[in-house]
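Pasting start33.pdb here (PDB, C-alpha atoms):
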```pdb
MODEL        1
ATOM      1  CA  MET G   1     144.470  98.508  71.168
ATOM      2  CA  PRO G   2     145.258  98.485  67.459
ATOM      3  CA  ASP G   3     148.549  96.801  66.547
ATOM      4  CA  GLY G   4     151.427  99.210  66.126
ATOM      5  CA  CYS G   5     149.662 102.007  68.007
ATOM      6  CA  MET G   6     149.899 103.618  71.419
ATOM      7  CA  ALA G   7     146.993 105.281  73.221
ATOM      8  CA  VAL G   8     147.637 108.933  74.055
ATOM      9  CA  GLY G   9     144.150 110.031  75.072
ATOM     10  CA  HIS G  10     140.541 109.064  75.678
ATOM     11  CA  ILE G  11     137.614 111.313  74.738
ATOM     12  CA  THR G  12     135.459 111.354  77.850
ATOM     13  CA  GLY G  13     132.859 113.952  76.941
ATOM     14  CA  VAL G  14     132.017 117.197  75.205
ATOM     15  CA  HIS G  15     132.280 120.801  76.320
ATOM     16  CA  GLY G  16     130.060 123.591  75.105
ATOM     17  CA  LEU G  17     128.305 123.952  71.769
ATOM     18  CA  ARG G  18     131.227 124.511  69.378
ATOM     19  CA  GLY G  19     132.629 120.987  69.174
ATOM     20  CA  GLU G  20     135.257 120.874  71.913
ATOM     21  CA  VAL G  21     135.837 117.464  73.503
ATOM     22  CA  LYS G  22     137.233 116.557  76.920
ATOM     23  CA  VAL G  23     140.323 114.377  76.607
ATOM     24  CA  GLU G  24     141.845 112.370  79.437
ATOM     25  CA  LEU G  25     145.575 112.141  78.744
ATOM     26  CA  TYR G  26     147.397 108.817  78.535
ATOM     27  CA  THR G  27     150.749 110.312  77.627
ATOM     28  CA  ASP G  28     153.572 112.117  79.354
ATOM     29  CA  PHE G  29     153.905 114.230  76.209
ATOM     30  CA  PRO G  30     150.899 116.606  76.089
ATOM     31  CA  GLU G  31     152.548 118.417  73.175
ATOM     32  CA  ARG G  32     151.028 115.639  71.030
ATOM     33  CA  PHE G  33     147.834 117.702  71.299
ATOM     34  CA  ALA G  34     149.330 120.939  69.975
ATOM     35  CA  PRO G  35     147.467 122.640  67.113
ATOM     36  CA  GLY G  36     148.561 121.158  63.788
ATOM     37  CA  GLU G  37     149.312 117.703  65.234
ATOM     38  CA  THR G  38     147.549 114.720  63.688
ATOM     39  CA  LEU G  39     146.245 111.852  65.817
ATOM     40  CA  LEU G  40     144.550 108.559  65.000
ATOM     41  CA  LEU G  41     140.925 108.278  66.123
ATOM     42  CA  GLY G  42     139.135 105.115  67.269
ATOM     43  CA  VAL G  43     139.649 101.542  66.097
ATOM     44  CA  ASP G  44     139.409 102.663  62.455
ATOM     45  CA  LEU G  45     142.462 104.895  63.076
ATOM     46  CA  ASP G  46     140.980 107.828  61.172
ATOM     47  CA  GLU G  47     143.409 110.744  61.007
ATOM     48  CA  ILE G  48     142.180 113.833  62.826
ATOM     49  CA  GLU G  49     143.974 117.160  63.194
ATOM     50  CA  VAL G  50     144.092 119.214  66.385
ATOM     51  CA  VAL G  51     143.152 122.847  65.749
ATOM     52  CA  GLY G  52     142.864 124.045  69.342
ATOM     53  CA  VAL G  53     143.666 122.912  72.866
ATOM     54  CA  ARG G  54     143.405 124.284  76.382
ATOM     55  CA  PRO G  55     143.727 122.841  79.881
ATOM     56  CA  HIS G  56     140.545 122.043  81.799
ATOM     57  CA  LYS G  57     140.632 120.609  85.337
ATOM     58  CA  GLN G  58     142.542 117.286  85.097
ATOM     59  CA  SER G  59     142.142 116.977  81.310
ATOM     60  CA  LEU G  60     142.342 118.941  78.073
ATOM     61  CA  LEU G  61     139.661 120.539  75.968
ATOM     62  CA  VAL G  62     140.509 119.777  72.353
ATOM     63  CA  GLN G  63     139.046 121.151  69.141
ATOM     64  CA  PHE G  64     139.507 118.933  66.079
ATOM     65  CA  ASP G  65     139.364 119.969  62.434
ATOM     66  CA  GLY G  66     135.846 119.465  61.087
ATOM     67  CA  VAL G  67     134.239 119.103  64.526
ATOM     68  CA  THR G  68     132.370 122.378  64.912
ATOM     69  CA  ASP G  69     129.211 121.510  66.818
ATOM     70  CA  ARG G  70     128.124 119.571  69.887
ATOM     71  CA  THR G  71     126.378 116.830  67.893
ATOM     72  CA  THR G  72     129.517 115.961  65.953
ATOM     73  CA  ALA G  73     131.583 116.126  69.151
ATOM     74  CA  GLU G  74     129.135 113.731  70.872
ATOM     75  CA  SER G  75     129.847 111.156  68.146
ATOM     76  CA  LEU G  76     133.475 111.090  69.342
ATOM     77  CA  ARG G  77     132.631 110.355  72.992
ATOM     78  CA  ASN G  78     134.441 107.255  74.392
ATOM     79  CA  LEU G  79     136.786 106.975  71.412
ATOM     80  CA  TRP G  80     140.508 106.567  71.987
ATOM     81  CA  LEU G  81     143.238 108.676  70.409
ATOM     82  CA  PHE G  82     146.400 106.941  69.216
ATOM     83  CA  VAL G  83     149.782 107.568  67.650
ATOM     84  CA  CYS G  84     151.870 105.047  65.731
ATOM     85  CA  GLU G  85     154.540 103.308  67.824
ATOM     86  CA  THR G  86     157.067 104.477  65.242
ATOM     87  CA  ASP G  87     156.232 108.046  66.299
ATOM     88  CA  ALA G  88     156.843 107.278  69.969
ATOM     89  CA  ALA G  89     159.129 109.617  71.870
ATOM     90  CA  GLU G  90     162.573 108.358  72.828
ATOM     91  CA  LEU G  91     162.679 107.275  76.455
ATOM     92  CA  GLU G  92     165.609 107.521  78.824
ATOM     93  CA  GLU G  93     167.437 104.318  79.682
ATOM     94  CA  GLY G  94     165.542 102.381  82.343
ATOM     95  CA  VAL G  95     162.199 104.009  81.464
ATOM     96  CA  TYR G  96     159.573 101.882  79.717
ATOM     97  CA  TRP G  97     156.195 102.245  78.084
ATOM     98  CA  ILE G  98     153.339 100.852  80.169
ATOM     99  CA  HIS G  99     152.305  98.541  77.346
ATOM    100  CA  ASP G 100     155.831  97.061  77.431
ATOM    101  CA  ILE G 101     155.607  96.416  81.191
ATOM    102  CA  ILE G 102     152.159  94.788  81.245
ATOM    103  CA  GLY G 103     152.525  91.068  80.600
ATOM    104  CA  LEU G 104     156.090  90.752  81.886
ATOM    105  CA  ARG G 105     156.794  87.675  83.996
ATOM    106  CA  VAL G 106     158.075  88.718  87.430
ATOM    107  CA  VAL G 107     160.782  86.672  89.120
ATOM    108  CA  GLU G 108     162.727  87.143  92.319
ATOM    109  CA  GLU G 109     166.508  87.381  92.236
ATOM    110  CA  ASN G 110     166.667  83.728  93.341
ATOM    111  CA  GLY G 111     164.610  82.692  90.294
ATOM    112  CA  SER G 112     161.269  82.136  92.046
ATOM    113  CA  VAL G 113     158.380  83.108  89.788
ATOM    114  CA  LEU G 114     155.970  85.573  91.394
ATOM    115  CA  GLY G 115     153.518  86.011  88.523
ATOM    116  CA  VAL G 116     152.711  88.387  85.676
ATOM    117  CA  ILE G 117     152.229  92.161  85.637
ATOM    118  CA  THR G 118     148.571  92.866  84.841
ATOM    119  CA  ASP G 119     148.375  96.612  85.460
ATOM    120  CA  VAL G 120     150.423  99.697  86.282
ATOM    121  CA  LEU G 121     149.032 102.146  88.824
ATOM    122  CA  ALA G 122     150.218 105.740  88.638
ATOM    123  CA  THR G 123     150.668 107.202  92.093
ATOM    124  CA  GLY G 124     152.147 110.541  93.014
ATOM    125  CA  ALA G 125     155.580 109.295  94.019
ATOM    126  CA  ASN G 126     156.165 106.278  91.776
ATOM    127  CA  ASP G 127     154.279 103.756  89.678
ATOM    128  CA  VAL G 128     153.081 100.519  91.267
ATOM    129  CA  TYR G 129     153.064  97.235  89.348
ATOM    130  CA  VAL G 130     150.130  94.899  89.958
ATOM    131  CA  VAL G 131     151.400  91.302  89.829
ATOM    132  CA  ARG G 132     148.897  88.461  89.513
ATOM    133  CA  HIS G 133     150.257  85.286  91.075
ATOM    134  CA  ALA G 134     151.015  82.316  88.918
ATOM    135  CA  PRO G 135     148.248  79.678  89.265
ATOM    136  CA  GLY G 136     148.621  77.464  92.303
ATOM    137  CA  GLN G 137     150.989  79.784  94.140
ATOM    138  CA  PRO G 138     150.050  81.471  97.422
ATOM    139  CA  PRO G 139     148.881  84.078  98.275
ATOM    140  CA  ALA G 140     145.668  84.401  96.291
ATOM    141  CA  GLN G 141     145.728  88.217  96.177
ATOM    142  CA  ASP G 142     147.718  90.352  93.775
ATOM    143  CA  ILE G 143     151.108  91.728  94.780
ATOM    144  CA  LEU G 144     151.649  95.479  94.573
ATOM    145  CA  LEU G 145     155.278  96.213  93.725
ATOM    146  CA  PRO G 146     156.584  99.770  93.912
ATOM    147  CA  ALA G 147     158.462 100.665  90.740
ATOM    148  CA  ILE G 148     161.596 101.819  92.536
ATOM    149  CA  PRO G 149     165.248 100.805  92.077
ATOM    150  CA  ASP G 150     165.338  99.027  95.468
ATOM    151  CA  VAL G 151     162.665  96.621  94.165
ATOM    152  CA  VAL G 152     163.047  96.469  90.370
ATOM    153  CA  ARG G 153     166.524  95.086  89.690
ATOM    154  CA  ALA G 154     166.318  94.359  85.958
ATOM    155  CA  VAL G 155     163.890  94.521  83.046
ATOM    156  CA  ASP G 156     164.496  92.339  79.997
ATOM    157  CA  LEU G 157     161.872  93.146  77.374
ATOM    158  CA  THR G 158     163.256  90.661  74.862
ATOM    159  CA  GLN G 159     162.889  87.797  77.371
ATOM    160  CA  GLY G 160     159.677  89.246  78.845
ATOM    161  CA  VAL G 161     161.043  89.161  82.405
ATOM    162  CA  MET G 162     161.323  91.621  85.278
ATOM    163  CA  THR G 163     163.680  90.625  88.107
ATOM    164  CA  VAL G 164     162.772  92.026  91.517
ATOM    165  CA  HIS G 165     164.051  92.158  95.077
ATOM    166  CA  LEU G 166     161.242  91.864  97.612
ATOM    167  CA  LEU G 167     161.596  94.280 100.497
ATOM    168  CA  PRO G 168     160.886  92.865 103.976
ATOM    169  CA  GLY G 169     157.162  92.650 104.697
ATOM    170  CA  LEU G 170     156.057  93.231 101.104
ATOM    171  CA  LEU G 171     154.324  89.863 100.818
ATOM    172  CA  ASP G 172     153.251  89.793 104.476
ATOM    173  CA  ALA G 173     151.024  92.863 104.261
ATOM    174  CA  GLU G 174     147.395  92.158 105.017
ATOM    175  CA  ARG G 175     144.828  92.693 102.328
ATOM    176  CA  VAL G 176     142.954  95.973 102.554
ATOM    177  CA  ASP G 177     139.383  95.963 101.262
TER     178      ASP G 177
ENDMDL
END
```
Translate the structure described by the file into structure tokens.
Amino acid sequence: MPDGCMAVGHITGVHGLRGEVKVELYTDFPERFAPGETLLLGVDLDEIEVVGVRPHKQSLLVQFDGVTDRTTAESLRNLWLFVCETDAAELEEGVYWIHDIIGLRVVEENGSVLGVITDVLATGANDVYVVRHAPGQPPAQDILLPAIPDVVRAVDLTQGVMTVHLLPGLLDAERVD
């Protein structure tokens, strides 16, 4: 991900002959794709303006300025769409960007280090943090921590630490393959 940017969408394919692209959203703010909005395209961060948008299944169909045919739209396939972090929406207290959560060191309330957050899974009810154990610590599998107040006690982004309370049985669950 380019420094100072946040991913808001991924172009997964094309739709039709007139240049529409399928965009998988990576934002809770779909209004970023409203006509007239400008996004940053690919690793070169080229500015591109949205001229049309409509829902389609689990994604959006987006028409960009200057993209008027299928061939041009195909050239955008697999590119990411970004916004500058300075343009990020204000979040409520206790709500964090995924890129701020990934990489946090996870410690129990007693100070025991559990590992580092490597991924955030979006489920229907709540997010789940994937914690990779610190080297040399059992168990060998990742820990899945529900992102709920009963588990997550504190997040300190400046120190890079999340303090958690492990619910009974959380570490005792058998691995499911």
Starting from the PyMOL selection byres ((chain G and resi 101) around 9), expand the selection into actual residues of this file and give them as an NGL selection string.
:G and (96-100 or 102-104 or 117-120 or 129 or 155 or 157 or 160 or 162)
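Proximity of G:Ala34, G:Val50, G:Leu171, G:Val161 to Ile143 of chain G, computed with only C-alpha atoms, is greatest for G:Leu171.
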Which value, in Å to one decimal, gives the distance between atom CA of Leu145 of chain G and atom CA of Leu170 of chain G?
8.0 Å
Result set, the PyMOL selection byres ((chain G and resi 10) around 8) on current file, as a VMD selection string
chain G and resid 7 to 9 11 to 12 23 to 26 78 to 81
Those selected residues, please, written with C-alpha atoms and delivered as a CSV table (one decimal), in the coordinates of the input.
```csv
chain,number,residue,atom,x,y,z
G,7,ALA,CA,147.0,105.3,73.2
G,8,VAL,CA,147.6,108.9,74.1
G,9,GLY,CA,144.2,110.0,75.1
G,11,ILE,CA,137.6,111.3,74.7
G,12,THR,CA,135.5,111.4,77.8
G,23,VAL,CA,140.3,114.4,76.6
G,24,GLU,CA,141.8,112.4,79.4
G,25,LEU,CA,145.6,112.1,78.7
G,26,TYR,CA,147.4,108.8,78.5
G,78,ASN,CA,134.4,107.3,74.4
G,79,LEU,CA,136.8,107.0,71.4
G,80,TRP,CA,140.5,106.6,72.0
G,81,LEU,CA,143.2,108.7,70.4
```
Residues in the PyMOL selection byres ((chain G and resi 3) around 12), expressed as an MDAnalysis selection string:
chainID G and resid 1:2 4:7 43:45 82:86 99
Of G:Thr158, G:Asp46, G:Leu167, G:Lys57, the one nearest to Pro146 of chain G when counting all atoms listed in the file is G:Leu167
Need the shell around segment 35-38 of chain G: protein/DNA/RNA residues with any atom at most 6 Å away, counting all atoms listed in the file. Skip same-chain ones fewer than 2 positions apart. Format as a PDB file with C-alpha atoms, in the coordinates of the input?
```pdb
ATOM      1  CA  ILE G  48     142.180 113.833  62.826  1.00  0.00           C
ATOM      2  CA  GLU G  49     143.974 117.160  63.194  1.00  0.00           C
ATOM      3  CA  VAL G  50     144.092 119.214  66.385  1.00  0.00           C
ATOM      4  CA  VAL G  51     143.152 122.847  65.749  1.00  0.00           C
ATOM      5  CA  GLY G  52     142.864 124.045  69.342  1.00  0.00           C
TER       6      GLY G  52
END
```
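The coordinates place atom CA of Ala125 of chain G at 18.3 Å from atom CA of Glu92 of chain G.
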Just the residues within 9 Å of Val164 of chain G, please, counting only C-alpha atoms, with nothing from its chain fewer than 2 positions along; format it as a PyMOL selection string.
chain G and resi 106-109+145+150-155+162+166
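For the residues G:Gly42, G:Gly16, G:Gly66, G:Leu114, ranking by smallest atom-to-atom distance to Arg132 of chain G using all atoms listed in the file places G:Leu114 first.
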Would you kindly return, as a PyMOL selection string, each protein, DNA or RNA residue with an atom no farther than 10 Å from any atom of Val53 of chain G, considering all atoms listed in the file and excluding same-chain residues fewer than 4 positions away?
chain G and resi 20-23+31+33-35+60-64
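We find atom CA of Leu121 of chain G and atom CA of Gln141 of chain G to be spaced 16.1 Å apart.
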For Asp156 of chain G, which residue out of G:Val116, G:Arg105, G:Val128, G:Gly169 is the nearest one, using only C-alpha atoms?
G:Arg105
